[in-house]
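Chemist: Dropping in run-v4.txt, with compact mmCIF, C-alpha atoms.
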# COMPACT_ATOMS: atom_id res chain seq x y z
CA MET W 222 -10.61 -22.15 -20.73
CA LEU W 223 -7.78 -21.08 -18.52
CA LEU W 224 -7.66 -17.33 -17.88
CA THR W 225 -5.08 -15.30 -16.03
CA ARG W 226 -6.46 -13.11 -13.27
CA ARG W 227 -5.96 -10.06 -15.48
CA GLU W 228 -7.91 -11.58 -18.35
CA PHE W 229 -10.63 -12.74 -15.97
CA LEU W 230 -11.10 -9.26 -14.58
CA LYS W 231 -11.21 -7.77 -18.07
CA THR W 232 -13.84 -10.27 -19.14
CA SER W 233 -15.99 -9.84 -16.06
CA ALA W 234 -15.75 -6.05 -16.24
CA VAL W 235 -17.10 -6.05 -19.80
CA THR W 236 -19.88 -8.48 -18.88
CA ALA W 237 -20.99 -6.33 -15.96
CA GLY W 238 -21.08 -3.25 -18.17
CA VAL W 239 -23.32 -4.99 -20.67
CA ALA W 240 -25.63 -6.26 -17.95
CA ILE W 241 -26.27 -2.77 -16.64
CA THR W 242 -26.80 -0.92 -19.88
CA GLY W 243 -28.20 -3.78 -21.95
CA MET W 244 -30.96 -4.69 -19.50
CA GLY W 245 -31.69 -1.09 -18.66
CA PHE W 246 -32.15 -1.49 -14.94
CA ALA W 247 -29.48 0.87 -13.69
CA LEU W 248 -31.31 2.84 -11.02
CA HIS W 249 -28.83 5.68 -10.73
CA PRO W 250 -27.93 8.42 -13.12
CA VAL W 251 -24.58 7.31 -14.42
CA GLU W 252 -21.84 8.84 -16.45
CA ALA W 253 -20.12 6.66 -19.01
CA HIS W 254 -16.69 7.67 -20.23
CA ALA W 255 -13.48 5.94 -21.23
CA VAL W 256 -11.20 5.66 -18.25
CA GLU W 257 -7.44 5.60 -18.65
CA LEU W 258 -4.98 4.53 -15.99
CA ARG W 259 -3.77 7.54 -14.03
CA LYS W 260 -0.23 6.30 -14.69
CA ASN W 261 0.63 5.35 -18.26
CA LEU W 262 1.87 1.83 -17.57
CA GLU W 263 1.28 0.63 -21.14
CA GLU W 264 4.19 2.70 -22.43
CA ALA W 265 6.37 2.42 -19.33
CA THR W 266 9.47 0.24 -19.09
CA ARG W 267 8.69 -2.73 -16.86
CA THR W 268 11.47 -4.18 -14.73
CA THR W 269 11.11 -6.93 -12.15
CA THR W 270 12.98 -6.72 -8.89
CA ILE W 271 13.13 -8.21 -5.43
CA CYS W 272 12.15 -6.16 -2.38
CA PRO W 273 15.32 -5.12 -0.52
CA TYR W 274 13.82 -5.10 2.96
CA CYS W 275 13.26 -8.46 4.67
CA ALA W 276 14.27 -12.02 3.90
CA VAL W 277 10.92 -13.10 2.41
CA GLY W 278 12.08 -11.84 -0.98
CA CYS W 279 8.82 -10.61 -2.51
CA GLY W 280 8.79 -9.83 -6.22
CA PHE W 281 7.92 -6.36 -7.46
CA VAL W 282 7.37 -4.70 -10.82
CA VAL W 283 9.01 -1.32 -11.34
CA ASP W 284 7.51 0.89 -14.04
CA SER W 285 9.70 3.72 -15.26
CA ALA W 286 9.23 6.39 -17.88
CA GLU W 287 10.84 9.60 -19.08
CA ASP W 288 9.87 12.71 -17.19
CA ALA W 289 9.46 16.13 -18.80
CA SER W 290 13.24 16.63 -18.93
CA GLY W 291 13.84 13.27 -20.60
CA LYS W 292 15.22 11.60 -17.48
CA MET W 293 14.08 8.06 -16.67
CA VAL W 294 12.17 8.08 -13.41
CA VAL W 295 10.24 5.46 -11.48
CA ILE W 296 6.50 6.09 -11.83
CA ASN W 297 5.08 3.02 -10.07
CA ILE W 298 6.21 0.04 -8.01
CA GLU W 299 3.81 -2.68 -6.96
CA GLY W 300 3.78 -6.39 -6.24
CA ASP W 301 4.52 -8.78 -9.11
CA SER W 302 1.40 -10.92 -9.63
CA GLU W 303 3.47 -13.60 -11.34
CA HIS W 304 6.01 -13.89 -8.53
CA PRO W 305 5.55 -17.21 -6.67
CA ILE W 306 6.30 -15.79 -3.22
CA ASN W 307 3.97 -12.82 -2.89
CA GLN W 308 1.71 -13.23 -5.96
CA GLY W 309 1.22 -9.49 -6.25
CA THR W 310 0.75 -8.73 -2.57
CA ALA W 311 3.00 -6.65 -0.33
CA CYS W 312 3.40 -5.54 3.25
CA SER W 313 3.25 -1.85 4.13
CA LYS W 314 7.01 -1.42 3.71
CA GLY W 315 6.95 -3.19 0.37
CA SER W 316 4.02 -1.06 -0.74
CA SER W 317 6.15 2.03 -0.03
CA LEU W 318 9.06 1.03 -2.32
CA TYR W 319 8.20 3.88 -4.68
CA GLN W 320 9.53 6.24 -2.03
CA LEU W 321 12.90 4.53 -2.07
CA ALA W 322 13.45 5.84 -5.59
CA ASN W 323 11.53 9.10 -5.39
CA ASN W 324 12.42 10.87 -2.20
CA GLU W 325 13.66 14.39 -1.68
CA ASN W 326 15.32 13.28 1.59
CA ARG W 327 17.44 10.68 -0.14
CA LEU W 328 21.19 11.35 0.03
CA THR W 329 22.70 11.55 -3.43
CA THR W 330 26.26 12.63 -2.59
CA VAL W 331 28.99 11.35 -0.28
CA ARG W 332 28.84 12.98 3.15
CA TYR W 333 32.08 13.14 5.12
CA ARG W 334 32.68 14.25 8.69
CA ALA W 335 36.40 14.42 9.49
CA ALA W 336 37.61 13.12 12.86
CA GLY W 337 36.81 15.74 15.51
CA ALA W 338 34.88 17.94 13.09
CA ALA W 339 31.37 19.13 13.91
CA GLU W 340 30.26 19.74 10.33
CA TRP W 341 29.57 17.40 7.46
CA GLN W 342 31.14 18.15 4.11
CA GLU W 343 30.28 16.86 0.66
CA LEU W 344 32.85 14.82 -1.22
CA SER W 345 32.85 13.49 -4.76
CA TRP W 346 33.07 9.74 -5.32
CA GLU W 347 36.49 10.37 -6.93
CA GLU W 348 37.74 11.78 -3.64
CA ALA W 349 35.91 9.38 -1.35
CA ILE W 350 36.70 5.98 -2.85
CA PRO W 351 40.54 6.30 -2.86
CA MET W 352 40.30 7.73 0.68
CA ILE W 353 38.33 4.70 1.89
CA ALA W 354 40.57 2.28 0.02
CA GLN W 355 43.72 3.79 1.52
CA ARG W 356 42.31 3.56 5.04
CA ILE W 357 41.22 -0.04 4.54
CA LYS W 358 44.69 -0.93 3.26
CA ASP W 359 46.50 0.87 6.10
CA THR W 360 44.32 -0.74 8.79
CA ARG W 361 44.46 -4.18 7.21
CA ASP W 362 48.25 -4.04 6.81
CA ALA W 363 48.58 -3.02 10.46
CA THR W 364 46.20 -5.59 11.93
CA PHE W 365 46.27 -8.63 9.61
CA LYS W 366 47.13 -11.91 11.37
CA THR W 367 47.95 -15.12 9.52
CA VAL W 368 47.87 -17.31 12.66
CA ASN W 369 46.10 -16.96 16.01
CA ALA W 370 47.59 -17.40 19.51
CA ALA W 371 47.17 -21.18 19.26
CA GLY W 372 49.15 -21.27 16.03
CA ARG W 373 46.17 -22.05 13.77
CA THR W 374 46.02 -20.40 10.35
CA VAL W 375 43.31 -17.69 10.42
CA ASN W 376 44.27 -15.05 7.80
CA ARG W 377 42.01 -12.40 9.33
CA THR W 378 41.87 -8.82 10.48
CA LEU W 379 40.08 -7.82 13.66
CA GLY W 380 40.80 -4.16 12.92
CA ILE W 381 37.90 -3.58 10.53
CA GLY W 382 34.20 -4.27 10.91
CA SER W 383 31.31 -3.90 8.50
CA LEU W 384 27.87 -2.70 9.57
CA GLY W 385 25.18 -2.31 6.92
CA SER W 386 23.80 -3.91 3.76
CA ALA W 387 20.42 -5.01 5.12
CA ALA W 388 18.75 -3.39 2.12
CA LEU W 389 20.89 -5.09 -0.50
CA ASP W 390 19.51 -7.75 -2.79
CA ASN W 391 20.82 -11.30 -2.97
CA GLU W 392 23.40 -10.69 -5.69
CA GLU W 393 24.73 -7.53 -4.06
CA CYS W 394 25.03 -9.38 -0.75
CA TRP W 395 27.01 -12.14 -2.44
CA LEU W 396 29.46 -9.63 -3.91
CA TYR W 397 29.73 -7.73 -0.66
CA GLN W 398 30.32 -10.85 1.42
CA LYS W 399 32.98 -12.07 -1.04
CA PHE W 400 34.72 -8.69 -0.82
CA LEU W 401 34.71 -8.58 2.99
CA ARG W 402 35.85 -12.19 3.39
CA ALA W 403 38.65 -11.60 0.87
CA LEU W 404 39.91 -8.76 3.05
CA GLY W 405 39.84 -11.10 6.05
CA LEU W 406 37.01 -9.46 7.99
CA VAL W 407 35.14 -11.46 10.61
CA TYR W 408 33.07 -8.68 12.17
CA ILE W 409 30.30 -8.55 9.58
CA GLU W 410 26.85 -7.39 10.65
CA HIS W 411 23.87 -5.61 9.16
CA GLN W 412 21.75 -2.85 10.58
CA ALA W 413 18.37 -4.60 10.53
CA ARG W 414 18.95 -6.95 13.45
CA ASN W 415 17.03 -5.77 16.48
CA MET R 107 -30.02 -3.24 -8.24
CA ALA R 108 -27.23 -2.68 -10.59
CA ASN R 109 -24.49 -5.24 -10.40
CA GLY R 110 -21.20 -3.38 -10.66
CA LYS R 111 -18.32 -4.19 -8.36
CA SER R 112 -17.91 -4.70 -4.62
CA TYR R 113 -15.22 -5.27 -2.04
CA LEU R 114 -15.29 -7.76 0.79
CA CYS R 115 -13.21 -6.72 3.78
CA ASP R 116 -13.04 -9.82 5.97
CA THR R 117 -11.79 -8.43 9.27
CA THR R 118 -11.19 -11.94 10.62
CA LYS R 119 -8.24 -12.10 8.21
CA CYS R 120 -7.00 -8.52 8.64
CA ILE R 121 -3.66 -8.29 10.46
CA ALA R 122 -3.61 -4.47 10.33
CA CYS R 123 -0.34 -4.39 8.39
CA ARG R 124 -1.79 -1.33 6.59
CA SER R 125 -0.34 -2.36 3.29
CA CYS R 126 -3.68 -1.24 1.81
CA GLN R 127 -3.14 2.26 3.21
CA VAL R 128 0.29 2.56 1.65
CA ALA R 129 -0.65 0.94 -1.66
CA CYS R 130 -3.50 3.48 -1.93
CA LYS R 131 -1.07 6.36 -1.45
CA GLN R 132 1.41 4.86 -3.89
CA TRP R 133 -1.00 4.36 -6.78
CA ASN R 134 -2.95 7.57 -6.28
CA GLU R 135 0.23 9.60 -5.59
CA LEU R 136 -1.22 11.09 -2.44
CA ASP R 137 0.64 13.53 -0.26
CA THR R 138 1.78 12.70 3.26
CA LEU R 139 0.95 14.35 6.56
CA HIS R 140 3.04 15.15 9.60
CA THR R 141 1.66 13.03 12.42
CA SER R 142 2.58 12.37 16.02
CA ASN R 143 2.72 9.19 18.08
CA ARG R 144 -0.54 8.97 19.99
CA GLY R 145 0.25 5.64 21.63
CA THR R 146 -1.42 3.63 18.87
CA TYR R 147 -0.41 2.10 15.58
CA GLU R 148 -3.36 3.89 14.00
CA ASN R 149 -1.82 6.54 11.78
CA PRO R 150 -2.65 9.15 10.57
CA HIS R 151 -5.22 9.99 13.20
CA ASP R 152 -8.01 10.51 10.69
CA LEU R 153 -8.87 10.26 7.03
CA ALA R 154 -7.61 13.21 5.02
CA TRP R 155 -7.82 14.61 1.51
CA CYS R 156 -4.57 12.68 0.94
CA CYS R 157 -5.46 9.61 3.05
CA TRP R 158 -8.38 7.69 1.56
CA THR R 159 -7.92 4.40 3.38
CA LEU R 160 -7.30 4.07 7.09
CA ILE R 161 -7.16 1.02 9.34
CA ARG R 162 -8.81 1.75 12.70
CA PHE R 163 -7.53 -0.01 15.84
CA LYS R 164 -9.61 -0.56 18.95
CA GLU R 165 -8.76 -2.58 22.04
CA THR R 166 -11.65 -3.67 24.25
CA GLU R 167 -12.15 -5.87 27.26
CA ARG R 168 -14.51 -8.74 26.53
CA PRO R 169 -17.14 -9.89 29.09
CA ASP R 170 -14.85 -12.76 30.12
CA GLY R 171 -12.10 -10.28 31.05
CA THR R 172 -9.80 -11.00 28.13
CA LEU R 173 -8.48 -8.21 25.96
CA ALA R 174 -9.08 -8.16 22.24
CA TRP R 175 -7.71 -5.90 19.56
CA ASP R 176 -9.94 -5.30 16.55
CA PHE R 177 -9.09 -3.70 13.23
CA LEU R 178 -11.50 -2.13 10.80
CA ARG R 179 -10.88 -0.54 7.47
CA ASN R 180 -12.33 2.90 6.98
CA SER R 181 -12.74 4.22 3.47
CA CYS R 182 -15.57 5.21 1.15
CA ARG R 183 -18.28 2.51 1.19
CA HIS R 184 -19.39 3.42 -2.34
CA CYS R 185 -23.05 3.45 -1.35
CA MET R 186 -25.53 1.95 -3.80
CA ASP R 187 -27.59 5.13 -3.43
CA ALA R 188 -24.99 7.66 -2.44
CA PRO R 189 -26.21 10.30 0.04
CA CYS R 190 -23.25 12.53 -0.85
CA LYS R 191 -24.44 12.68 -4.44
CA GLN R 192 -27.97 13.50 -3.29
CA ALA R 193 -26.56 16.41 -1.30
CA THR R 194 -24.92 18.05 -4.33
CA GLU R 195 -26.18 21.26 -5.85
CA HIS R 196 -24.21 21.13 -9.10
CA GLU R 197 -24.75 18.56 -11.82
CA GLY R 198 -21.76 16.29 -12.32
CA SER R 199 -19.78 17.21 -9.23
CA ILE R 200 -20.28 13.69 -7.90
CA THR R 201 -20.92 10.91 -10.39
CA ILE R 202 -21.48 7.17 -10.29
CA ASP R 203 -19.15 5.21 -12.54
CA ALA R 204 -21.39 3.14 -14.81
CA GLU R 205 -19.25 0.04 -15.00
CA THR R 206 -18.21 -0.35 -11.37
CA GLY R 207 -20.73 1.67 -9.39
CA ALA R 208 -17.87 3.63 -7.84
CA VAL R 209 -18.85 6.99 -6.36
CA ILE R 210 -16.51 9.54 -7.93
CA PHE R 211 -15.78 13.05 -6.67
CA ASN R 212 -14.98 15.28 -9.63
CA GLU R 213 -13.41 18.70 -9.87
CA GLY R 214 -16.88 20.22 -9.57
CA THR R 215 -16.97 19.34 -5.86
CA LYS R 216 -15.00 22.60 -5.45
CA ASP R 217 -18.32 24.39 -5.89
CA GLU R 218 -20.20 22.26 -3.37
CA SER R 219 -20.59 23.01 0.32
CA TYR R 220 -17.90 20.94 2.06
CA SER R 221 -19.81 20.69 5.32
CA LYS R 222 -23.01 19.67 3.56
CA ILE R 223 -21.34 16.90 1.56
CA ARG R 224 -19.33 15.69 4.53
CA LEU R 225 -22.35 15.62 6.84
CA ALA R 226 -24.36 13.79 4.20
CA CYS R 227 -21.87 10.91 4.33
CA PRO R 228 -22.99 8.33 6.92
CA PHE R 229 -19.36 7.24 7.21
CA ASP R 230 -17.74 10.71 7.36
CA ASN R 231 -15.39 10.15 4.45
CA PRO R 232 -15.23 13.28 2.29
CA ARG R 233 -12.29 15.60 2.97
CA GLN R 234 -11.40 18.91 1.40
CA GLY R 235 -8.01 19.38 -0.26
CA PRO R 236 -5.94 22.58 -0.33
CA ASP R 237 -7.32 23.18 -3.85
CA GLY R 238 -10.89 23.24 -2.54
CA GLN R 239 -11.85 19.96 -4.19
CA LEU R 240 -13.32 17.15 -2.10
CA TYR R 241 -11.52 13.84 -2.01
CA LYS R 242 -12.05 10.23 -0.93
CA CYS R 243 -11.47 6.70 -2.20
CA VAL R 244 -12.31 6.31 -5.91
CA MET R 245 -12.31 2.47 -5.94
CA CYS R 246 -9.22 2.75 -8.19
CA TYR R 247 -11.82 2.75 -10.93
CA ASP R 248 -9.14 3.56 -13.49
CA ARG R 249 -7.41 0.29 -12.60
CA VAL R 250 -10.66 -1.67 -12.56
CA HIS R 251 -11.59 -0.36 -16.03
CA ASN R 252 -8.23 -1.62 -17.24
CA GLY R 253 -8.56 -5.08 -15.76
CA GLU R 254 -6.54 -4.52 -12.60
CA LEU R 255 -7.58 -4.89 -8.99
CA PRO R 256 -7.80 -1.77 -6.80
CA ALA R 257 -4.33 -1.07 -5.37
CA CYS R 258 -5.38 -1.93 -1.79
CA VAL R 259 -6.91 -5.27 -2.77
CA LYS R 260 -3.92 -6.30 -4.86
CA ALA R 261 -1.54 -5.47 -2.02
CA CYS R 262 -3.48 -7.26 0.76
CA PRO R 263 -1.21 -10.14 1.84
CA THR R 264 -3.84 -12.09 3.79
CA ASP R 265 -6.74 -11.91 1.31
CA ALA R 266 -8.74 -9.97 3.90
CA LEU R 267 -9.65 -7.74 0.96
CA THR R 268 -11.22 -9.26 -2.12
CA PHE R 269 -12.88 -7.50 -5.02
CA GLY R 270 -15.04 -8.46 -7.96
CA ASP R 271 -18.52 -8.50 -9.44
CA ARG R 272 -21.03 -7.56 -6.76
CA ASP R 273 -23.07 -10.76 -7.03
CA VAL R 274 -19.96 -12.91 -6.67
CA ILE R 275 -18.63 -10.90 -3.73
CA LEU R 276 -22.02 -10.90 -1.98
CA ALA R 277 -22.26 -14.68 -2.28
CA ALA R 278 -18.67 -15.09 -1.06
CA ALA R 279 -19.39 -12.77 1.87
CA GLU R 280 -22.48 -14.76 2.91
CA ALA R 281 -20.58 -18.05 2.66
CA ARG R 282 -17.71 -16.67 4.73
CA LEU R 283 -20.16 -15.28 7.29
CA GLU R 284 -21.59 -18.76 7.85
CA GLU R 285 -18.05 -20.13 8.26
CA VAL R 286 -17.13 -17.48 10.82
CA LYS R 287 -20.39 -18.04 12.75
CA ALA R 288 -19.79 -21.79 12.82
CA ASP R 289 -16.23 -21.14 13.94
CA GLY R 290 -17.35 -19.74 17.31
CA PHE R 291 -18.46 -16.22 16.44
CA PRO R 292 -22.28 -16.41 16.46
CA ASN R 293 -22.58 -12.60 16.47
CA ALA R 294 -20.65 -12.17 13.22
CA THR R 295 -22.21 -9.70 10.80
CA ILE R 296 -21.75 -8.00 7.46
CA LEU R 297 -22.37 -4.28 7.85
CA ASP R 298 -24.92 -2.57 5.59
CA LYS R 299 -24.58 -5.26 2.95
CA ARG R 300 -27.58 -4.18 0.89
CA ASP R 301 -26.58 -0.55 0.75
CA VAL R 302 -22.83 -0.38 0.19
CA ARG R 303 -20.13 -1.79 -2.06
CA LEU R 304 -17.52 -2.12 0.68
CA LEU R 305 -18.77 -5.09 2.68
CA LEU R 306 -17.24 -5.21 6.15
CA LEU R 307 -17.44 -8.63 7.76
CA LEU R 308 -17.08 -8.45 11.55
CA ALA R 309 -16.59 -11.47 13.79
CA ASP R 310 -17.78 -9.70 16.93
CA PRO R 311 -20.51 -7.19 17.81
CA ALA R 312 -20.04 -3.86 16.04
CA SER R 313 -19.44 -2.05 19.35
CA TYR R 314 -15.99 -3.63 19.50
CA TYR R 315 -14.84 -1.76 16.39
CA VAL R 316 -14.26 1.86 15.45
CA LEU R 317 -17.20 2.19 13.08
CA ASN R 318 -17.18 5.85 12.29
CA THR R 319 -14.36 8.26 11.85
CA ARG R 320 -15.87 11.12 13.83
CA ASP R 321 -13.41 11.48 16.69
CA GLY R 322 -14.56 10.51 20.14
Since I need it in another form, could you write the structure as structure tokens?
Modeler:
Amino acid sequence: MLLTRREFLKTSAVTAGVAITGMGFALHPVEAHAVELRKNLEEATRTTTICPYCAVGCGFVVDSAEDASGKMVVINIEGDSEHPINQGTACSKGSSLYQLANNENRLTTVRYRAAGAAEWQELSWEEAIPMIAQRIKDTRDATFKTVNAAGRTVNRTLGIGSLGSAALDNEECWLYQKFLRALGLVYIEHQARN
Amino acid sequence: MANGKSYLCDTTKCIACRSCQVACKQWNELDTLHTSNRGTYENPHDLAWCCWTLIRFKETERPDGTLAWDFLRNSCRHCMDAPCKQATEHEGSITIDAETGAVIFNEGTKDESYSKIRLACPFDNPRQGPDGQLYKCVMCYDRVHNGELPACVKACPTDALTFGDRDVILAAAEARLEEVKADGFPNATILDKRDVRLLLLLADPASYYVLNTRDG
């Protein structure tokens, strides 16, 4: 009979319990009581994802549930046992993914520091996105070159660079790369190279 | 001896990534501590009420002059005959989980003498939380009861940590010990294998590892 690891553990756990109590040779005073998981994973919403950190691409299972105020929050993230790459395991960064979602230090609003200003100010996305778009357009219009000095067609801008995205997943990277290449960027780098 | 469960921590496979440390915190929702860089990757500097698993690092010079860096997991050994339980004065403050053999600190440890329980532990594991309760590794017995591996074992990427029925783990540990000995480590040992549920397999003499958590 072929058992999954989960089924195997369940079976062996029950067998061990019977062996102790049934044969009556437990030497220690023991306390028997039903034990529930400290996190209610049975009723949680399970979502699979890929770790955003390195290029190994380990699979993880995210369990989320409603908190007291009815908001969906992540309650547990651990390795996906059925994922062919990591088979449930994780490195220390992967094991900490829970903190990526639940972290009081996480920025949740746009932070803007104007040229020459010493202080950061908070902007809404409605203010920030048109501001960024306008600057990209102005810079691209001013610096876009269709041909280089040798007369070859290049259709590029050297006036804009992109630094970031090391924590994006594969699909997000594809979209981001498409977007940058469409603008004509060639200076594309991410922050995890060291 | 009761069967129950056991861990094998095969230090020959441990790469000290400390995934076990983090997975433990994640599942058990343990608080963090402010720590400082002490010139070692070992962090935090000691077990705490909110740090139940800690990988110890020790670098030593071998007789042939080469340097070696050894890692050893420190966490509750889940003793077969737990001295911490024997040191209690209140019924039920420390219990042994029937199915797994896990040594469990309950809320009643608030009423115990912290120093007495901590000193009773041969491996210096119990720590007192801000709420007065004593804490240490609980073998993720809630997970084990529900057919899951302890968080640390599941996370271990090199299979240095394995977990299962005690008889199976003991046999696997003995077989691995013979392999390691034949592989050029004649002094390899399994620490306290008859007395504890966390079997630590060392390739080299025990003096090369940080065995106890008492500083110094």
Chemist: Which residues come within 10 Å of W:Ile306, counting all atoms listed in the file, excluding same-chain residues fewer than 4 positions away, as number ranges by chain?
Modeler: W: 277-280, 301-302, 310
Chemist: Counting all atoms listed in the file, collect the residues of chain R whose closest atom lies at most 7 Å from chain W, and write them out as a list in words.
Modeler: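 Listed by rising number, the hits are Met107, Ala108, Asn109, Gly110, Cys123, Arg124, Ser125, Val128, Ala129, Gln132, Thr201, Ile202, Asp203, Ala204, Glu205, Asp248, Arg249, His251, Asn252, Gly253, Glu254, Lys260, Ala261, Cys262 and Pro263 of chain R.
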Chemist: Which one is closest to W:Val407: W:Asn376, W:Ser386, W:Asn391, W:Ser285? Count only C-alpha atoms.
Modeler: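 Closest to W:Val407 of all the choices is W:Asn376.
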Chemist: So that all listed atoms of stretch 206-219 of chain R fit with 6 Å spare on each side, what axis-aligned box centre and edge lengths in Å, to one decimal, would you give as AutoDock Vina command-line options?
Modeler:
--center_x -17.1 --center_y 12.0 --center_z -5.5 --size_x 19.3 --size_y 36.7 --size_z 23.7
Chemist: Tell me which protein, DNA and RNA residues are within 10 Å of stretch 168-178 of chain R, counting all atoms listed in the file, leaving out same-chain ones fewer than 5 positions away, and put them as an MDAnalysis selection string.
Modeler: chainID R and resid 115:122 148 160:163 306:310 314:318
Chemist: Tell me, in Å to one decimal, how far atom CA of W:Asn369 is from atom CA of W:Ile381.
Modeler: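 Here the two named atoms are 16.6 Å from each other.
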Chemist: Please provide as a list in words all residues within 6 Å of R:Trp155, with the sequence filter that same-chain residues fewer than 3 positions apart are discarded (counting all atoms listed in the file).
Modeler: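 Near neighbours after the sequence-gap exclusion: Arg233, Gln234, Gly235 and Tyr241 of chain R.
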Chemist: Please measure the separation of atom CA of W:Trp346 and atom CA of W:Asp390, giving the value in Å to one decimal.
Modeler: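 Answer for the atom CA of W:Trp346 to atom CA of W:Asp390 separation: 22.3 Å.
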Chemist: For atom CA of W:Pro273 and atom CA of W:Val294, quote the distance in Å rounded to one decimal.
Modeler: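 These two atoms are separated by 18.7 Å.
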Chemist: Got a sec: who's within 10 Å of R:Ala193, counting all atoms listed in the file, leaving out chain neighbours fewer than 4 positions off, as a PyMOL selection string?
Modeler: chain R and resi 188-189+200+218-219+222-227
Chemist: For stretch 262-267 of chain W, list every protein, DNA or RNA residue within 8 Å, evaluated using all atoms listed in the file, and leave out those in the same chain fewer than 5 positions away; present the list as a PyMOL selection string.
Modeler: chain W and resi 282-286
Chemist: For R:Trp158, which residue among R:Cys243, R:Cys190, R:Leu114, R:Val250 is the nearest when counting only C-alpha atoms?
Modeler: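 Result for the nearest residue to R:Trp158: R:Cys243.
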Chemist: Using all atoms listed in the file, which of W:Ala322, W:Ile409, W:Ala387, W:Leu404 sits nearest W:Ala354?
Modeler: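 With all atoms listed in the file as the atom set, the closest residue is W:Leu404.
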